[in-house]
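First comes the structure, then the notes that go with it.
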Amino acid sequence: KMTLPLALVALISAFGSSFQYGYNVSVINSPAPYMQDFYNKTYLDRTGAPMDSGFQTLLWSLTVSMFPLGGLFGSLMVWPMVNNCGRKGTLLINNLFSIAAAILMGTSELAKTFEVIILSRVVMGIFAGLASNVVPMFLGEMSPKNLRGAIGVVPQLFITIGILAAQILGLNSILGNAKGWPVLLGLTGIPSLIQLLTLPFFPESPRYLLIQKGNEEQARKALQRLRGTEDVDDEIQEMYQEDRSEKEEGQFSVLSLFTYRGLRWQLISIIVMMGGQQLSGVNGVFYYADRIFESAGVQSNSIQYVTVSIGAINVVMTLLAVFIVESLGRRILLLAGFVMCSTSCAILTLALNLQTTVSWMSYLSIVCVIAYIVGHAIGPSPIPAVMITEMFLQSSRPAAFMVGGSVHWLSNFTVGLVFLYMEAGLGPYSFLIFCAICVGTLLYIFFVVPETKNKTFMEINRIMAKRNKVEVQESKE
């Protein structure tokens with residue numbers, strides 16, 4: 001059952017970490033023109049000459065793409081940090097990145113420096129890279145198996161709430177204006193501060209305490225507090241069983257993960273799901289939603305309100321996923337989500353091509369964008385991180401998150417970088433590429449990925465062992 005300490009630790013870690021990841025994904029969309037003016041003005045004051053447009057485009061694309069690049073660096077730090085500092089410890093240390101970046105971004109205008117904004121985006125990215133991997137791992141290891149999916153979707157829910165918060169605060173009438181943008185960028189430090197002050201009162205991951213630290217007493221205390229009952233023997237036994245089956249293998253590094261046959265299909269599945277999640281074009285759709293609405297004839301001053309309503313749909317659908325992931329299972333949500341995304345991309349290509357000739361096509365393209373976002377929010381966005389937690393055992397999980405996280409951020413970076421050129425070269429047909437990626441990922445999941453709901457980590461391990469054609473080591477009592 002859901003206990004108060006478990007609910008609180010999920011909320012605090014998701015609000016302090018995942019929320020800010022979402023917030024920083026979309027925070028620079030609305031104030032972009034004002035920030036670009038600031039870049040120009042600063043450059044003019046320094047050199048006495050205006051900035052040429054090519055250099056400005058370069059600086060702006062750096063400002064956008066440094067965030068996912070930082071995310072990649074953050075993912076590479078996951079494995080050493082969670083093994084040495086623990087899950088909770090890593091989240092606490094991570095807050096220092098975000099608070100530092102928030103202070104730098106908030107004061108950049110006073111200091112008359114735009115380089116600091118670009119640097120802070122890297123630092124914020126490192127924070128997000130760690131957060132997006134450590135929070136699902138931390139919560140997945142703390143949840144009982146019947147709530148693991150629902151609690152595993154909570155980080156993604158807070159990412160969508162973060163996106164929505166940035167969209168609302170970024171409205172011209174609030175902070176998305178010439179005066180307000182430094183405040184808008186600096187606000188990201190507040191959730192970190194709250195997490196830094198509250199998270200220390202909650203337990204570390206019981207699995208980490210028992211399996212990696214070998215401290216049964218602390219693990220038992222942590223479990224009793226999280227489960228709200230004295231009797232946690234079954235779970236302690238299950239952890240010992242997992243620990244024994246892994247003793248032969250030792251701690252996995254990323255290199256040994258790639259060479260170990262017993263985890264081959266799990267690893268391929270993570271790479272396909274994480275790559276598919278980002279390369280399916282969700283950021284392309286988000287980055288360019290405004291442009292799609294503009295070409296659909298939405299008034300430019302109302303576009304930001306349409307964007308906010310899409311952010312709200314995203315939150316509602318992810319919230320729905322929290323409630324249905326345990327009853328329907330992971331597989332169904334992933335498959336249904338990718339079916340919706342691929343269909344939307346295909347119809348969107350058609351609609352964008354015909355919107356000059358057929359008047360109502362522009363409305364169809366808006367419907368496609370909304371359908372795409374709904375599809376992505378119920379499956380492809382939240383589920384892959386839940387699956388990494390579930391498909392790997394304690395010894396290989398940190399390395400698996402490092403691989404999954406790196407694929408996630410590399411793909412995110414690639415889409416952000418390449419989409420402008422794709423759009424210039426292919427126009428509306430660029431969505432056909434996303435459609436193909438959705439279909440490919442869909443087929444892979446259909447044929448390879450098992451259902452994992454309500455199974456212990458050991459049971460899932462046995463299902464995958466059959467696919468890898470290896471024996472599972474299980475020592476007899």
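Naming works like this for the structure tokens: A, B, ... for the chains as they're shown, residue 1 at the start of each chain, ligands 1 onward in shown order.
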Task: Polymer residues at most 12 Å from Ile168 (chain A), only C-alpha atoms, same-chain spacing of 2 or more positions, as a PyMOL selection string - done: chain A and resi 23+26-27+29-31+161-166+170-176+184+304-312
Selection above as a file: N, CA, C and O atoms, as a compact mmCIF listing (two decimals), in the first residue's frame:
```
# COMPACT_ATOMS: atom_id res chain seq x y z
N TYR A 23 11.27 22.11 -16.42
CA TYR A 23 11.25 23.58 -16.41
C TYR A 23 12.31 24.12 -17.37
O TYR A 23 12.06 25.00 -18.20
N SER A 26 11.84 23.87 -21.32
CA SER A 26 11.02 24.81 -22.08
C SER A 26 11.17 26.26 -21.65
O SER A 26 10.53 27.13 -22.21
N VAL A 27 12.03 26.53 -20.65
CA VAL A 27 12.05 27.89 -20.09
C VAL A 27 12.55 28.94 -21.08
O VAL A 27 12.15 30.10 -21.01
N ASN A 29 12.03 29.06 -24.32
CA ASN A 29 11.20 29.24 -25.52
C ASN A 29 10.57 30.62 -25.59
O ASN A 29 10.73 31.34 -26.57
N SER A 30 9.81 30.99 -24.53
CA SER A 30 9.07 32.25 -24.64
C SER A 30 9.93 33.51 -24.55
O SER A 30 9.70 34.44 -25.29
N PRO A 31 10.95 33.56 -23.65
CA PRO A 31 11.72 34.82 -23.61
C PRO A 31 12.81 34.91 -24.67
O PRO A 31 13.60 35.86 -24.65
N ILE A 161 4.97 18.80 -15.45
CA ILE A 161 4.51 19.94 -14.64
C ILE A 161 5.55 21.07 -14.73
O ILE A 161 5.19 22.25 -14.81
N GLY A 162 6.83 20.69 -14.77
CA GLY A 162 7.90 21.69 -14.91
C GLY A 162 7.79 22.42 -16.24
O GLY A 162 7.92 23.66 -16.31
N ILE A 163 7.52 21.66 -17.32
CA ILE A 163 7.35 22.28 -18.64
C ILE A 163 6.19 23.27 -18.60
O ILE A 163 6.29 24.41 -19.07
N LEU A 164 5.09 22.84 -17.99
CA LEU A 164 3.89 23.69 -17.92
C LEU A 164 4.17 24.95 -17.08
O LEU A 164 3.78 26.06 -17.46
N ALA A 165 4.86 24.77 -15.94
CA ALA A 165 5.17 25.92 -15.08
C ALA A 165 6.00 26.95 -15.85
O ALA A 165 5.75 28.16 -15.76
N ALA A 166 6.99 26.46 -16.62
CA ALA A 166 7.83 27.38 -17.40
C ALA A 166 7.01 28.09 -18.47
O ALA A 166 7.23 29.27 -18.76
N GLY A 170 6.34 31.96 -18.31
CA GLY A 170 6.95 32.61 -19.47
C GLY A 170 5.98 33.42 -20.30
O GLY A 170 6.36 33.98 -21.34
N LEU A 171 4.70 33.48 -19.92
CA LEU A 171 3.75 34.32 -20.66
C LEU A 171 4.23 35.77 -20.60
O LEU A 171 4.76 36.22 -19.58
N ASN A 172 4.00 36.51 -21.71
CA ASN A 172 4.47 37.91 -21.77
C ASN A 172 3.99 38.71 -20.59
O ASN A 172 4.68 39.58 -20.08
N SER A 173 2.78 38.41 -20.13
CA SER A 173 2.19 39.22 -19.06
C SER A 173 2.81 38.88 -17.70
O SER A 173 2.63 39.62 -16.74
N ILE A 174 3.53 37.75 -17.59
CA ILE A 174 4.12 37.38 -16.29
C ILE A 174 5.62 37.67 -16.30
O ILE A 174 6.06 38.74 -15.90
N LEU A 175 6.45 36.73 -16.79
CA LEU A 175 7.90 36.96 -16.75
C LEU A 175 8.55 36.88 -18.13
O LEU A 175 9.75 37.13 -18.27
N GLY A 176 7.78 36.50 -19.15
CA GLY A 176 8.36 36.34 -20.48
C GLY A 176 8.48 37.68 -21.18
O GLY A 176 7.93 37.88 -22.27
N LEU A 184 12.89 34.64 -14.48
CA LEU A 184 12.34 33.38 -15.01
C LEU A 184 13.41 32.29 -15.02
O LEU A 184 13.17 31.15 -14.61
N GLN A 304 1.00 31.62 -27.53
CA GLN A 304 1.56 31.17 -26.25
C GLN A 304 0.50 30.53 -25.36
O GLN A 304 0.79 29.63 -24.59
N TYR A 305 -0.77 30.96 -25.51
CA TYR A 305 -1.82 30.35 -24.70
C TYR A 305 -2.15 28.95 -25.21
O TYR A 305 -2.46 28.04 -24.43
N VAL A 306 -2.04 28.77 -26.54
CA VAL A 306 -2.24 27.42 -27.11
C VAL A 306 -1.14 26.49 -26.60
O VAL A 306 -1.39 25.35 -26.21
N THR A 307 0.10 27.02 -26.58
CA THR A 307 1.23 26.23 -26.10
C THR A 307 1.02 25.80 -24.64
O THR A 307 1.28 24.65 -24.27
N VAL A 308 0.52 26.75 -23.83
CA VAL A 308 0.24 26.42 -22.43
C VAL A 308 -0.82 25.33 -22.32
O VAL A 308 -0.70 24.39 -21.53
N SER A 309 -1.84 25.41 -23.18
CA SER A 309 -2.90 24.39 -23.08
C SER A 309 -2.37 23.01 -23.49
O SER A 309 -2.77 22.00 -22.93
N ILE A 310 -1.42 23.00 -24.44
CA ILE A 310 -0.79 21.72 -24.81
C ILE A 310 0.02 21.17 -23.64
O ILE A 310 0.00 19.98 -23.34
N GLY A 311 0.74 22.09 -22.95
CA GLY A 311 1.47 21.68 -21.75
C GLY A 311 0.55 21.07 -20.72
O GLY A 311 0.88 20.08 -20.06
N ALA A 312 -0.64 21.66 -20.60
CA ALA A 312 -1.62 21.15 -19.63
C ALA A 312 -2.13 19.77 -20.03
O ALA A 312 -2.27 18.88 -19.18
```
Do you have, as a Markdown table, the list of residues of region 429-460 of chain A lying at most 12 Å from region 344-360 of chain A, each with its nearest atom pair and that distance in Å to one decimal, counting only C-alpha atoms and ordered by chain then number?
```
| residue | atom | partner | partner_atom | distance |
| --- | --- | --- | --- | --- |
| A:Tyr429 | CA | A:Thr349 | CA | 5.8 |
| A:Ser430 | CA | A:Thr349 | CA | 7.9 |
| A:Phe431 | CA | A:Cys345 | CA | 5.5 |
| A:Leu432 | CA | A:Ala346 | CA | 6.1 |
| A:Ile433 | CA | A:Cys345 | CA | 8.8 |
| A:Phe434 | CA | A:Cys345 | CA | 6.8 |
| A:Cys435 | CA | A:Cys345 | CA | 5.3 |
| A:Ala436 | CA | A:Ala346 | CA | 9.0 |
| A:Ile437 | CA | A:Cys345 | CA | 10.4 |
| A:Cys438 | CA | A:Cys345 | CA | 9.0 |
| A:Val439 | CA | A:Cys345 | CA | 10.5 |
```
- [ ] Find, counting only C-alpha atoms, the residue in A:Gly379, A:Gly337, A:Gly404, A:Gly250 that gets nearest to Val272 (chain A).
- [x] A:Gly404
Open item on the list: When DSSP is applied to the backbone of this structure, which of region 39-221 of chain A are assigned alpha helix (DSSP H)? Write them out as a PyMOL selection string.
Closed with: chain A and resi 39-47+53-76+78-107+115-142+148-169+181-186+189-198+206-207+216-221
Open item on the list: Let me make sure I understand: among A:Ile463, A:Ile118, A:Ile211, A:Leu6, which one has the smallest atom-to-atom distance to Glu390 (chain A) if we use only C-alpha atoms?
Closed with: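 The answer is A:Ile463, which sits nearest to Glu390 (chain A).
Omitting Met51 (chain A) and its sequence neighbours fewer than 6 positions away, and counting only C-alpha atoms, the residues within 9 Å are Tyr39, Asn40, Lys41, Tyr43 and Leu44 of chain A.
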Task: Nearby residues (only C-alpha atoms) at most 9 Å from region 397-402 of chain A, same-chain spacing under 5 positions excluded, as a list in words - done: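 My reading of the contact set: Gly74, Ser75, Leu76, Met77, Val78, Trp79, Pro80, Val82, Asn83, Asn133, Val134, Met137, Phe252, Ser253, Val254, Leu255, Leu257, Gln266, Leu267, Ile270, Ala385, Ile388, Thr389, Glu390, Met391, Phe392 and Val407 of chain A.
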- [ ] Quick one: everything within 10 Å of Ala371 (chain A), counting only C-alpha atoms, minus sequence neighbours fewer than 3 positions away in the same chain. Send it as a VMD selection string.
- [x] chain A and resid 313 337 340 to 341 343 to 345 365 to 368 374 to 377
Next, write the just-selected residues to a file, as a compact mmCIF listing (two decimals), in the first residue's frame, keeping C-alpha atoms as the atom set.
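The resulting result_16.txt:
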```txt
# COMPACT_ATOMS: atom_id res chain seq x y z
CA ILE A 313 -2.81 18.24 -21.82
CA GLY A 337 1.65 5.42 -27.35
CA MET A 340 -0.62 7.16 -31.74
CA CYS A 341 2.67 8.94 -32.39
CA THR A 343 -0.21 7.78 -36.95
CA SER A 344 -0.09 11.46 -35.93
CA CYS A 345 3.25 11.99 -37.71
CA SER A 365 -2.43 19.58 -38.16
CA ILE A 366 -3.27 21.05 -34.74
CA VAL A 367 -5.27 17.90 -33.92
CA CYS A 368 -2.27 15.79 -34.98
CA VAL A 374 -1.19 12.58 -25.83
CA GLY A 375 0.34 9.41 -27.29
CA HIS A 376 3.83 10.28 -26.15
CA ALA A 377 2.65 11.22 -22.65
```
Open item on the list: When you look at Ser411 (chain A) with a cut-off of 10 Å (counting only C-alpha atoms), what residues show up, excluding the ones that are within fewer than 6 positions of it in the same chain? I need them as a list in words.
Closed with: Pro68, Leu72, Met274, Gly275, Gly276, Gln277, Gln278, Leu279, Ser280, Gly281, Gly405 and Leu417 of chain A
Open item on the list: One decimal, in Å: what's the spacing between CA of Phe19 (chain A) and CA of Thr160 (chain A)?
Closed with: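 Calculated distance between CA of Phe19 (chain A) and CA of Thr160 (chain A) is 7.5 Å.
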Open item on the list: Just to confirm, what's the straight-line distance from CA of Leu147 (chain A) to CA of Gln224 (chain A) in Å (one decimal)?
Closed with: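 These two atoms are separated by 16.2 Å.
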Task: Distance in Å - CA of Leu119 (chain A) versus CA of Gly416 (chain A) - done: 17.8 Å
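Nearest to Gln195 (chain A) of all the residues A:Phe138, A:Phe158, A:Phe15, A:Tyr21 is A:Phe15, based on only C-alpha atoms.
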